[in-house]
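Text of the file query-v7.cif, holding mmCIF, C-alpha atoms:
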```cif
data_query
#
loop_
_atom_site.label_atom_id
_atom_site.label_comp_id
_atom_site.auth_asym_id
_atom_site.auth_seq_id
_atom_site.Cartn_x
_atom_site.Cartn_y
_atom_site.Cartn_z
CA MET A 202 -40.33 6.79 -84.21
CA LEU A 203 -41.39 10.38 -83.60
CA ASP A 204 -43.97 10.24 -86.40
CA ASN A 205 -46.08 7.99 -84.18
CA TRP A 206 -46.68 11.00 -81.91
CA LEU A 207 -46.93 13.77 -84.51
CA SER A 208 -49.41 14.68 -87.24
CA PRO A 209 -48.15 16.10 -90.56
CA ILE A 210 -48.59 19.73 -91.56
CA ALA A 211 -51.96 20.58 -93.07
CA HIS A 212 -51.88 21.27 -96.82
CA SER A 213 -53.44 24.71 -96.27
CA ALA A 214 -50.30 25.80 -94.40
CA LEU A 215 -48.04 24.67 -97.23
CA ALA A 216 -50.03 26.09 -100.16
CA LEU A 217 -48.97 29.67 -99.55
CA PRO A 218 -48.71 31.87 -102.65
CA ASN A 219 -45.50 33.62 -103.64
CA LEU A 220 -43.15 31.62 -101.43
CA GLU A 221 -39.64 32.03 -102.83
CA GLU A 222 -36.52 29.98 -102.28
CA ASP A 223 -35.19 32.20 -99.49
CA HIS A 224 -38.42 32.23 -97.51
CA LEU A 225 -38.38 30.23 -94.29
CA GLY A 226 -41.05 27.80 -95.50
CA LYS A 227 -38.75 26.77 -98.35
CA CYS A 228 -35.57 26.46 -96.27
CA ILE A 229 -36.58 24.04 -93.52
CA GLN A 230 -37.56 20.41 -93.48
CA ILE A 231 -41.32 19.94 -93.04
CA HIS A 232 -43.30 16.94 -91.85
CA THR A 233 -45.82 16.26 -94.61
CA GLU A 234 -48.05 13.28 -95.25
CA GLY A 235 -45.79 10.24 -95.73
CA ASN A 236 -42.61 12.31 -95.44
CA PHE A 237 -41.07 12.69 -91.99
CA PRO A 238 -37.90 14.81 -91.83
CA ASP A 239 -34.51 13.18 -91.50
CA LEU A 240 -33.35 14.50 -88.12
CA HIS A 241 -29.68 13.82 -88.70
CA GLY A 242 -27.97 17.19 -88.31
CA ILE A 243 -31.15 18.99 -87.27
CA GLN A 244 -30.58 21.57 -84.52
CA ILE A 245 -34.08 23.01 -83.93
CA ALA A 246 -37.50 21.38 -84.08
CA ILE A 247 -40.75 23.38 -84.23
CA ILE A 248 -43.74 21.58 -82.72
CA ALA A 249 -47.32 22.81 -82.38
CA LEU A 250 -49.27 21.41 -79.46
CA ASN A 251 -52.64 22.55 -80.88
CA GLU A 252 -53.76 22.23 -84.50
CA LYS A 253 -55.52 25.61 -85.01
CA GLU A 254 -52.71 27.55 -83.41
CA GLY A 255 -50.11 25.62 -85.40
CA LEU A 256 -51.88 26.34 -88.70
CA ALA A 257 -52.17 30.07 -87.94
CA LEU A 258 -48.52 30.26 -86.90
CA ARG A 259 -47.21 28.56 -90.04
CA LYS A 260 -49.17 30.86 -92.33
CA ALA A 261 -47.38 33.77 -90.65
CA LEU A 262 -43.96 32.15 -90.20
CA TYR A 263 -43.32 30.45 -93.54
CA PRO A 264 -43.31 33.68 -95.64
CA MET A 265 -40.61 35.24 -93.43
CA SER A 266 -37.04 35.54 -94.67
CA PHE A 267 -34.40 32.90 -93.97
CA PRO A 268 -30.94 34.46 -93.47
CA PHE A 269 -29.89 31.62 -91.16
CA GLU A 270 -27.52 29.60 -93.33
CA GLY A 271 -25.92 27.91 -90.33
CA LEU A 272 -29.18 26.61 -88.85
CA HIS A 273 -30.84 23.30 -89.70
CA ILE A 274 -34.51 23.40 -88.74
CA ALA A 275 -37.39 20.95 -88.98
CA ASP A 276 -41.08 21.61 -88.51
CA LEU A 277 -42.27 18.32 -87.05
CA GLY A 278 -45.97 19.12 -87.22
CA THR A 279 -48.57 18.89 -84.48
CA ILE A 280 -48.77 16.61 -81.46
CA ARG A 281 -51.52 14.08 -82.14
CA LYS A 282 -52.91 14.55 -78.64
CA CYS A 283 -52.07 17.44 -76.33
CA SER A 284 -51.29 15.35 -73.26
CA PRO A 285 -48.15 14.39 -71.33
CA GLU A 286 -48.31 10.84 -72.70
CA PHE A 287 -47.83 12.16 -76.23
CA ILE A 288 -45.61 15.20 -75.62
CA MET A 289 -43.08 13.71 -73.18
CA PRO A 290 -41.70 10.94 -75.46
CA VAL A 291 -41.12 13.53 -78.20
CA LEU A 292 -39.30 15.95 -75.90
CA ILE A 293 -37.14 13.25 -74.33
CA GLU A 294 -36.05 11.91 -77.72
CA LEU A 295 -35.28 15.40 -79.03
CA HIS A 296 -33.21 16.31 -75.96
CA GLU A 297 -31.31 13.03 -76.18
CA SER A 298 -30.54 13.89 -79.81
CA ASP A 299 -29.36 17.38 -78.82
CA ILE A 300 -32.21 19.01 -80.77
CA LEU A 301 -33.72 22.16 -79.27
CA PRO A 302 -37.55 22.09 -79.33
CA ILE A 303 -39.64 25.20 -79.95
CA LEU A 304 -43.08 24.46 -78.51
CA ILE A 305 -46.25 26.39 -79.38
CA GLY A 306 -49.31 25.82 -77.20
CA SER A 307 -52.56 27.50 -76.20
CA ASP A 308 -52.57 26.54 -72.52
CA PRO A 309 -50.09 28.34 -70.21
CA ALA A 310 -49.91 25.20 -68.06
CA LEU A 311 -48.15 23.32 -70.88
CA LEU A 312 -44.87 24.70 -69.59
CA GLN A 313 -45.07 22.03 -66.86
CA ILE A 314 -44.69 19.38 -69.56
CA GLN A 315 -41.89 21.40 -71.16
CA TYR A 316 -40.09 21.34 -67.79
CA LYS A 317 -40.67 17.62 -67.19
CA GLY A 318 -39.36 16.83 -70.66
CA LEU A 319 -36.09 18.62 -69.91
CA GLN A 320 -35.55 17.21 -66.41
CA HIS A 321 -34.82 13.81 -67.95
CA GLU A 322 -31.78 15.39 -69.61
CA VAL A 323 -30.64 18.23 -67.31
CA GLN A 324 -30.03 18.10 -63.57
CA HIS A 325 -30.71 21.24 -61.49
CA ILE A 326 -32.58 23.29 -64.07
CA ASN A 327 -32.52 27.07 -64.36
CA MET A 328 -35.95 28.12 -65.64
CA VAL A 329 -36.99 31.59 -66.77
CA ALA A 330 -40.56 32.65 -67.55
CA ILE A 331 -41.57 35.87 -69.29
CA ASP A 332 -45.01 36.53 -67.89
CA GLU A 333 -47.27 39.19 -66.40
CA LEU A 334 -47.87 36.93 -63.40
CA ILE A 335 -45.76 35.12 -60.83
CA ARG A 336 -47.67 31.85 -60.90
CA LEU A 337 -46.43 30.76 -57.48
CA SER A 338 -47.99 30.90 -54.02
CA VAL A 339 -47.52 29.58 -50.51
CA PRO A 340 -48.93 26.02 -50.52
CA ALA A 341 -52.36 25.81 -48.88
CA GLU A 342 -54.77 22.94 -48.41
CA ASP A 343 -57.84 25.01 -49.20
CA LYS A 344 -56.81 26.12 -52.71
CA SER A 345 -55.53 24.52 -55.88
CA PRO A 346 -51.79 25.01 -56.39
CA ASP A 347 -50.51 27.67 -58.76
CA LEU A 348 -48.69 26.69 -61.91
CA PHE A 349 -45.13 26.82 -60.57
CA ASN A 350 -46.05 25.16 -57.27
CA GLU A 351 -46.13 21.83 -59.07
CA ILE A 352 -42.50 22.37 -60.06
CA VAL A 353 -41.02 24.23 -57.09
CA PHE A 354 -42.52 22.15 -54.27
CA GLN A 355 -42.51 18.68 -55.82
CA GLU A 356 -40.60 16.02 -53.92
CA LYS A 357 -36.97 15.81 -55.10
CA SER A 358 -37.46 18.82 -57.36
CA LYS A 359 -34.74 19.26 -59.99
CA LEU A 360 -35.32 23.00 -60.18
CA PHE A 361 -32.22 24.99 -59.24
CA HIS A 362 -33.49 28.49 -59.98
CA LEU A 363 -36.60 30.31 -61.22
CA GLY A 364 -36.60 33.76 -62.78
CA ILE A 365 -39.71 35.76 -63.73
CA ILE A 366 -39.48 38.68 -66.17
CA GLY A 367 -42.26 41.20 -66.73
CA CYS A 368 -44.44 40.54 -63.67
CA GLN A 369 -46.89 43.33 -62.90
CA THR A 370 -47.24 44.51 -59.31
CA HIS A 371 -51.01 45.08 -59.52
CA PHE A 372 -51.42 41.37 -60.25
CA THR A 373 -48.97 40.14 -57.60
CA LEU A 374 -49.67 39.67 -53.91
CA PRO A 375 -47.01 40.88 -51.45
CA SER A 376 -46.87 37.33 -50.06
CA THR A 377 -45.78 36.09 -53.50
CA TYR A 378 -42.89 38.55 -53.62
CA ARG A 379 -41.86 37.48 -50.12
CA LEU A 380 -41.96 33.82 -51.13
CA MET A 381 -39.78 34.50 -54.19
CA GLU A 382 -37.24 36.25 -51.98
CA GLU A 383 -37.25 33.48 -49.38
CA LEU A 384 -36.52 30.94 -52.12
CA HIS A 385 -33.76 33.19 -53.57
CA PHE A 386 -35.57 33.35 -56.91
CA ASP A 387 -35.33 36.35 -59.24
CA TYR A 388 -38.13 38.56 -60.48
CA ILE A 389 -37.95 41.69 -62.59
CA ARG A 390 -41.05 43.86 -62.68
CA LEU A 391 -42.41 45.04 -66.01
CA GLY A 392 -41.39 48.69 -65.52
CA THR A 393 -37.84 47.77 -64.54
CA ALA A 394 -37.48 45.44 -67.52
CA LYS A 395 -38.84 48.00 -70.00
CA ALA A 396 -36.51 50.68 -68.63
CA SER A 397 -33.43 48.61 -69.53
CA LEU A 398 -33.84 45.38 -71.48
CA ALA A 399 -30.07 44.95 -71.55
CA GLU A 400 -30.07 44.45 -67.77
CA VAL A 401 -32.57 41.59 -68.22
CA GLU A 402 -30.27 39.71 -70.59
CA PRO A 403 -28.07 38.08 -67.88
CA ILE A 404 -31.06 36.33 -66.30
CA ILE A 405 -32.16 34.99 -69.69
CA ARG A 406 -28.58 33.96 -70.50
CA ASP A 407 -28.55 31.69 -67.45
CA ALA A 408 -31.70 29.76 -68.43
CA ASP A 409 -31.79 26.10 -69.43
CA LEU A 410 -35.47 26.45 -70.23
CA LEU A 411 -37.39 29.57 -71.23
CA SER A 412 -41.16 29.91 -71.46
CA PHE A 413 -42.76 32.96 -73.03
CA GLN A 414 -46.36 33.55 -72.01
CA MET A 415 -48.35 35.63 -74.50
CA ALA A 416 -49.96 37.27 -71.44
CA ALA A 417 -46.72 39.22 -71.06
CA LEU A 418 -47.69 41.30 -74.11
CA LYS A 419 -50.16 44.16 -74.25
CA GLN A 420 -53.69 43.41 -75.46
CA CYS A 421 -53.32 45.84 -78.36
CA GLU A 422 -50.19 43.98 -79.47
CA ALA A 423 -51.43 40.41 -79.01
CA PRO A 424 -55.25 40.18 -78.65
CA GLY A 425 -55.39 36.42 -79.29
CA GLN A 426 -55.22 35.27 -75.67
CA ASP A 427 -57.48 34.68 -72.69
CA ASN A 428 -57.96 37.70 -70.39
CA PRO A 429 -55.47 40.01 -72.11
CA SER A 430 -54.18 42.99 -70.15
CA PRO A 431 -53.80 46.58 -71.42
CA SER A 432 -50.26 46.67 -69.99
CA GLY A 433 -47.24 44.61 -70.91
CA PHE A 434 -44.34 44.43 -73.34
CA ASN A 435 -44.70 45.70 -76.87
CA VAL A 436 -43.70 43.54 -79.83
CA GLU A 437 -40.27 45.11 -80.30
CA GLU A 438 -39.37 44.52 -76.65
CA ALA A 439 -40.70 40.98 -76.74
CA CYS A 440 -38.67 40.19 -79.86
CA GLN A 441 -35.51 41.51 -78.18
CA LEU A 442 -36.13 39.25 -75.18
CA SER A 443 -36.70 36.33 -77.54
CA ARG A 444 -33.42 37.10 -79.33
CA TYR A 445 -31.60 37.15 -75.99
CA ALA A 446 -33.01 33.68 -75.34
CA GLY A 447 -31.73 32.40 -78.66
CA MET A 448 -28.27 33.81 -78.01
CA SER A 449 -27.98 31.97 -74.68
CA GLU A 450 -25.60 29.04 -74.96
CA LYS A 451 -27.48 27.26 -72.16
CA VAL A 452 -31.07 27.33 -73.45
CA LYS A 453 -32.17 23.83 -74.42
CA SER A 454 -35.94 24.33 -74.59
CA PHE A 455 -38.09 27.27 -75.74
CA GLY A 456 -41.86 27.41 -75.35
CA ILE A 457 -44.45 30.04 -76.24
CA PHE A 458 -47.79 29.50 -74.56
CA GLY A 459 -51.18 31.17 -74.22
CA TYR A 460 -51.99 31.90 -77.88
CA LYS A 461 -55.64 31.31 -78.82
CA ALA A 462 -56.28 31.40 -82.56
CA SER A 463 -60.05 31.63 -82.02
CA LEU A 464 -59.59 34.96 -80.21
CA ASP A 465 -57.17 36.47 -82.72
CA ARG A 466 -57.96 39.44 -84.98
CA LYS A 467 -56.75 39.34 -88.58
CA ALA A 468 -53.96 36.96 -87.53
CA GLN A 469 -52.30 39.78 -85.57
CA THR A 470 -51.20 37.58 -82.68
CA ALA A 471 -50.10 34.81 -85.05
CA ASN A 472 -47.78 37.32 -86.71
CA VAL A 473 -46.42 38.37 -83.31
CA LEU A 474 -45.82 34.72 -82.47
CA ALA A 475 -44.02 34.20 -85.78
CA GLN A 476 -41.79 37.20 -85.06
CA LEU A 477 -40.90 35.86 -81.61
CA ILE A 478 -39.77 32.61 -83.20
CA TRP A 479 -37.88 34.41 -85.98
CA TYR A 480 -35.91 36.50 -83.47
CA PHE A 481 -35.20 33.45 -81.34
CA LEU A 482 -33.71 31.83 -84.45
CA ASP A 483 -31.77 35.01 -85.16
CA GLY A 484 -30.30 34.81 -81.65
CA LEU A 485 -29.36 31.17 -82.20
CA ASN A 486 -27.70 32.07 -85.46
CA ASN A 487 -25.62 34.72 -83.69
CA ARG A 488 -24.40 32.69 -80.72
CA LYS A 489 -20.81 33.53 -79.82
CA GLY A 490 -19.78 30.17 -78.38
CA ASP A 491 -18.56 31.82 -75.20
CA PHE A 492 -20.54 30.04 -72.50
CA PRO A 493 -17.77 29.64 -69.93
CA VAL A 494 -17.52 25.95 -69.24
CA THR A 495 -13.98 26.99 -68.41
CA THR A 496 -12.44 30.43 -68.01
CA GLU A 497 -10.28 29.98 -71.09
CA GLY A 498 -10.71 32.95 -73.40
CA LEU A 499 -12.09 35.14 -70.60
CA THR A 500 -10.41 38.14 -69.03
CA GLU A 501 -10.27 38.16 -65.24
CA TYR A 502 -11.16 41.22 -63.14
CA ILE A 503 -10.73 41.04 -59.37
CA VAL A 504 -12.68 43.54 -57.26
CA GLU A 505 -12.14 44.13 -53.57
CA LEU A 506 -15.31 44.86 -51.59
CA LYS A 507 -13.91 46.79 -48.65
CA THR A 508 -17.14 47.07 -46.67
CA LEU A 509 -17.69 43.30 -46.86
CA ASP A 510 -13.97 42.49 -46.48
CA PHE A 511 -13.67 40.03 -49.36
CA THR A 512 -12.92 40.00 -53.07
CA VAL A 513 -15.02 38.89 -56.00
CA THR A 514 -13.91 37.82 -59.45
CA PHE A 515 -15.56 38.93 -62.68
CA TRP A 516 -14.88 37.43 -66.09
CA LYS A 517 -15.39 39.14 -69.45
CA SER A 518 -15.69 37.39 -72.80
CA GLN A 519 -13.49 38.83 -75.53
CA ARG A 520 -15.82 37.38 -78.15
CA SER A 521 -19.07 39.00 -77.07
CA GLY A 522 -18.21 41.50 -74.34
CA ARG A 523 -20.53 39.67 -71.95
CA TRP A 524 -19.75 39.40 -68.24
CA TRP A 525 -19.93 36.69 -65.56
CA LEU A 526 -19.37 36.75 -61.80
CA GLN A 527 -17.70 33.80 -60.13
CA VAL A 528 -19.45 32.43 -57.05
CA PRO A 529 -17.07 33.29 -54.16
CA VAL A 530 -17.97 30.21 -52.13
CA LYS A 531 -17.23 26.54 -52.63
CA THR A 532 -19.84 24.93 -54.87
CA ALA A 533 -21.02 21.35 -54.87
CA LYS A 534 -19.99 19.28 -57.87
CA LYS A 535 -23.60 19.11 -59.06
CA HIS A 536 -23.69 22.92 -59.17
CA GLN A 537 -20.41 23.44 -61.03
CA ARG A 538 -22.04 24.51 -64.27
CA HIS A 539 -23.85 27.31 -62.40
CA ARG A 540 -20.73 28.64 -60.66
CA LEU A 541 -20.30 31.52 -63.13
CA ILE A 542 -23.32 33.80 -62.84
CA PRO A 543 -24.19 35.92 -65.88
CA CYS A 544 -24.11 39.62 -65.08
CA SER A 545 -23.70 42.98 -66.81
CA TYR A 546 -21.03 45.64 -67.08
CA ASN A 547 -23.17 47.77 -64.77
CA ASP A 548 -22.92 45.02 -62.13
CA TYR A 549 -19.14 45.16 -62.44
CA LYS A 550 -19.15 48.95 -62.13
CA MET A 551 -21.31 48.78 -59.00
CA ALA A 552 -18.96 46.26 -57.43
CA SER A 553 -16.02 48.51 -58.30
CA GLN A 554 -17.78 51.19 -56.26
CA ASP A 555 -18.00 48.82 -53.29
CA GLU A 556 -21.65 47.87 -53.85
CA LEU A 557 -22.80 44.43 -54.96
CA PRO A 558 -26.22 44.31 -56.66
CA ASP A 559 -28.97 42.56 -54.67
CA ARG A 560 -29.56 40.13 -57.54
CA LEU A 561 -26.01 38.81 -57.31
CA VAL A 562 -26.08 38.60 -53.51
CA ASN A 563 -29.28 36.60 -53.89
CA ALA A 564 -27.53 34.33 -56.39
CA PHE A 565 -24.75 33.61 -53.90
CA LYS A 566 -27.32 32.50 -51.32
CA ARG A 567 -28.50 29.72 -53.64
CA PHE A 568 -25.15 27.98 -53.10
CA LEU A 569 -25.13 28.19 -49.29
#
```

Reformat the file's structure so that it appears as structure tokens.
Amino acid sequence: MLDNWLSPIAHSALALPNLEEDHLGKCIQIHTEGNFPDLHGIQIAIIALNEKEGLALRKALYPMSFPFEGLHIADLGTIRKCSPEFIMPVLIELHESDILPILIGSDPALLQIQYKGLQHEVQHINMVAIDELIRLSVPAEDKSPDLFNEIVFQEKSKLFHLGIIGCQTHFTLPSTYRLMEELHFDYIRLGTAKASLAEVEPIIRDADLLSFQMAALKQCEAPGQDNPSPSGFNVEEACQLSRYAGMSEKVKSFGIFGYKASLDRKAQTANVLAQLIWYFLDGLNNRKGDFPVTTEGLTEYIVELKTLDFTVTFWKSQRSGRWWLQVPVKTAKKHQRHRLIPCSYNDYKMASQDELPDRLVNAFKRFL
């Protein structure tokens, strides 16, 4: 039983004044002392990995509105011990029950456990991280490995693709960019992402797992974190990215890491965290059901690339207006679910002008 691994919600989080029937805290199932939620029919489970952070989040989240009539959500409380031995059994059981976990933790490295929990359920994982850093480096014997090294370079890794959104060039070594390119991974610098959030959406749409590091936000927006930076996304941009994640038909795990309640000011960061979760739920509630397991319901557009002497096929959803590009090479059976690459209308327009975006060329190389 999951209640063996999870502590109930503290009374101080539940005793909020003026909670009405259409507030979120009144519309979800909550793990209280002696009362564990019935998970039958539950779609989303909120789990805090640290008690202080979980308490601060719930005080900010529960008074928010609940316009999500189609969503069935449970707050399962707090992990009794923030260690793989306690977190992994919970994640595995939730994934097996087709319940999407929303994880809240103070340590950025907790995303490694988030990833390991999903790899029991999904083969060849697409992972996207919203972060100011690319936590990856060339393996070296004289230094401890970076965060993503443990995932990317592990023996028999189940990682298919890694995308980083919001990385800042002044924090990133040129060797790290070169390594990302050699591995055919995607990265979108902060300035590029802020200039057009809509062009970031296709990368998020392709994610099985998304981690949101609070370090991706400006210090003035989210002070409750270790070593905050003056540059980063603002709250509105971060909430839009979170909504994109919720709208993705593929996302099976969502984690927000790096929040430190002890460093927060007037619960400012807790309120930002609550908004990120709210907009993720809003995205979930507005899913269009158009993830193209097949091309049924999609309109086909064939583009001839004269300079490269071959054609490519784009597909457009009539439900959402979103676009995909079909991989123009034979794909292995294990990669079939990745054969349609999310893209944008701008990508289609570029191809129509005989120019294929570098990001899509890079995506093709992952299948060779």

> How would you write, as a PyMOL selection string, the residues chosen by the PyMOL selection byres ((chain A and resi 369-372) around 10) on this structure?
Replying inline: chain A and resi 332-335+366-368+373-375+378+389-392+417+432-433

> Can you tell me, as a list in words, what residues are no more than 9 Å from Ala310 of chain A when counting all atoms listed in the file, ignoring any on the same chain fewer than 5 positions away?
Replying inline: Leu348, Phe458 and Gly459 of chain A

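Closest approach to Asp299 of chain A among A:Ala246, A:Ile405, A:Ala471, A:Ile457: A:Ala246, based on all atoms listed in the file.
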
> By how many Å are atom CA of His273 of chain A and atom CA of Phe455 of chain A apart?
Replying inline: 16.2 Å

If I put a ball of radius 7 Å at (-13.4, 36.8, -61.9) in the file's coordinates, which residues poke into it when counting only C-alpha atoms, written as a PDB file with C-alpha atoms, in the coordinates of the input?
```pdb
ATOM      1  CA  GLU A 501     -10.270  38.160 -65.240  1.00  0.00           C
ATOM      2  CA  TYR A 502     -11.160  41.220 -63.140  1.00  0.00           C
ATOM      3  CA  ILE A 503     -10.730  41.040 -59.370  1.00  0.00           C
ATOM      4  CA  VAL A 513     -15.020  38.890 -56.000  1.00  0.00           C
ATOM      5  CA  THR A 514     -13.910  37.820 -59.450  1.00  0.00           C
ATOM      6  CA  PHE A 515     -15.560  38.930 -62.680  1.00  0.00           C
ATOM      7  CA  TRP A 516     -14.880  37.430 -66.090  1.00  0.00           C
ATOM      8  CA  LEU A 526     -19.370  36.750 -61.800  1.00  0.00           C
ATOM      9  CA  GLN A 527     -17.700  33.800 -60.130  1.00  0.00           C
TER      10      GLN A 527
END
```
